[in-house]
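Just below is one structure, and these are the notes that go with it.
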Amino acid sequence: MRQTLPLRIFYPLSEMESLWGVAPADLHQWLQHGVLKAHLWIPMSSLYEIDEEVNGNQIIQTRILCHREGYLKIFPHDCQRLFLEGQTLLREFGGDSPGKRYGLPDNVPSLPVRLENLVILTEERIRFEESYQLPQIPPGNTKLISNQPFPPEHHRARPIEPIFRKVKYQGSLHTFGTLQATIIGILYQASQEGRPWINGKQLLAEAGSLSFSVSNLFKRKPVWRSFITSDSLGNYRIDQDFFQFRQESEGQ
């Protein structure tokens, strides 16, 4: 009996445009005005959980230092800045209830965020579809409203792993294990598809690895840092140099 696939966790903005059949400008306006809510993956970080309560003419604020990892809400005004500039630095994020938000401690640098880091969580997609009576698509479905196929990122065809078991890079031949080679292959294909950055947790899940981090998976192969770049948000991509060395290797 075929096992049911897990539900989608999130959707890139570009995928939501295709699923709903709307223009990017529509999606941007909804996010800028809070009609639709975007989220951002935050790696394990120290954050202040800030609660504000109105008591007469006073606003009582409570700040509790905590550790969080996961998706946090992006404020509409930050979405507006991202759409205008393509990237920004963030220090505060929305909470799960009114009056609650999260903020970085003063001694922690702001988080650099790019437009492509924004995602729509599945529960938010369903809420939006129900609120505006859009045709709902099962969270695991891979079809558009127009019934044209559209492959979500987590259904990306896995690259043929043996291709990256042996990699000639910077004049040396490097051998990688099965999961390591799969990670390299996924990043390589993602870069060719024009969506080079992949969150580390998603990357490990796609590769079928139980490791708690990408760096832990590659700890015996430090050369990986020469051609795989990480940002401060826990995302990874293949460097462009890797393509050049790969072409040179294939030409020999």
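Ordering of the structure tokens sets the chain letters (A, B, ...); residue numbers start at 1 within each chain; ligands are numbered from 1 in the order shown.
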
>> Run DSSP on the backbone and tell me which residues of stretch 49-246 of chain A come out as alpha helix (DSSP H); list them as a PyMOL selection string.
In response: chain A and resi 76-85+122-131+178-192+200-207+214-217+224-227+240-246

> Counting only C-alpha atoms, what is within 12 Å of A:Ser215, bar same-chain residues fewer than 6 positions away, as an MDAnalysis selection string?
Replying inline: chainID A and resid 180 183 200:201 203:204 221:225 228:230 234:236

> Between A:Gln189, A:Thr178, A:Ser226, A:Thr88, which is the closest to A:Gly208 once you count only C-alpha atoms?
Replying inline: A:Thr178

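Our summary of the geometry notes that atom CA of A:Glu15 is positioned 19.0 Å from atom CA of A:Val113.
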
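Within 7 Å of A:Val119, once only C-alpha atoms are used and residues closer than 2 positions along the same chain are dropped, the contacting residues are A:Phe10, A:Tyr11, A:Pro12, A:Leu13, A:Ala38, A:His39, A:Leu40, A:Asn117, A:Leu121.
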
>> I'd like to know which of A:Leu104, A:Leu82, A:Leu210, A:Ile163 is closest to A:His28, using only C-alpha atoms.
In response: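 Residue with the minimum atom-to-atom distance to A:His28: A:Leu82.
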
> Pick the closest to A:Glu49 from A:Cys66, A:Ala25, A:Leu233, A:Val167: which is it, counting only C-alpha atoms?
Replying inline: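 Once distances to A:Glu49 are computed over only C-alpha atoms, the minimum belongs to A:Cys66.
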
> From the set A:Ser232, A:Gly86, A:Ser14, A:Tyr102, which residue has the shortest atom-to-atom contact distance to A:Arg195, counting only C-alpha atoms?
Replying inline: A:Ser14

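From atom CA of A:Leu118 back to atom CA of A:Ala190, the distance works out to 16.9 Å.
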
> For A:Ser209, which residue out of A:Pro109, A:Gly177, A:Gly94, A:Pro196 is the nearest one, using only C-alpha atoms?
Replying inline: A:Gly177

>> Can you tell me which residues surround A:Glu124 at a distance of at most 12 Å, considering only C-alpha atoms, apart from same-chain residues fewer than 5 positions away, and format the answer as a list in words?
In response: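 Answer for this query is Arg8, Ile9, Phe10, Tyr11, Met16, Leu31, Gly34, Val35, Leu36, Lys37, Ala38, His39, Lys73, Val119, Glu129, Glu130, Ser131 and Pro139 of chain A.
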
>> Restricting the calculation to only C-alpha atoms: of A:Leu65, A:Cys79, A:Leu90, A:Met44, which residue gets closest to A:Ser213?
In response: A:Met44

> Could you pull out the strand (DSSP E) residues of stretch 32-231 of chain A from DSSP and send them as number ranges by chain?
Replying inline: A: 39-55, 58-73, 87-90, 92-94, 100-103, 111-114, 119-121, 166-169, 172-175, 198-199, 228-230
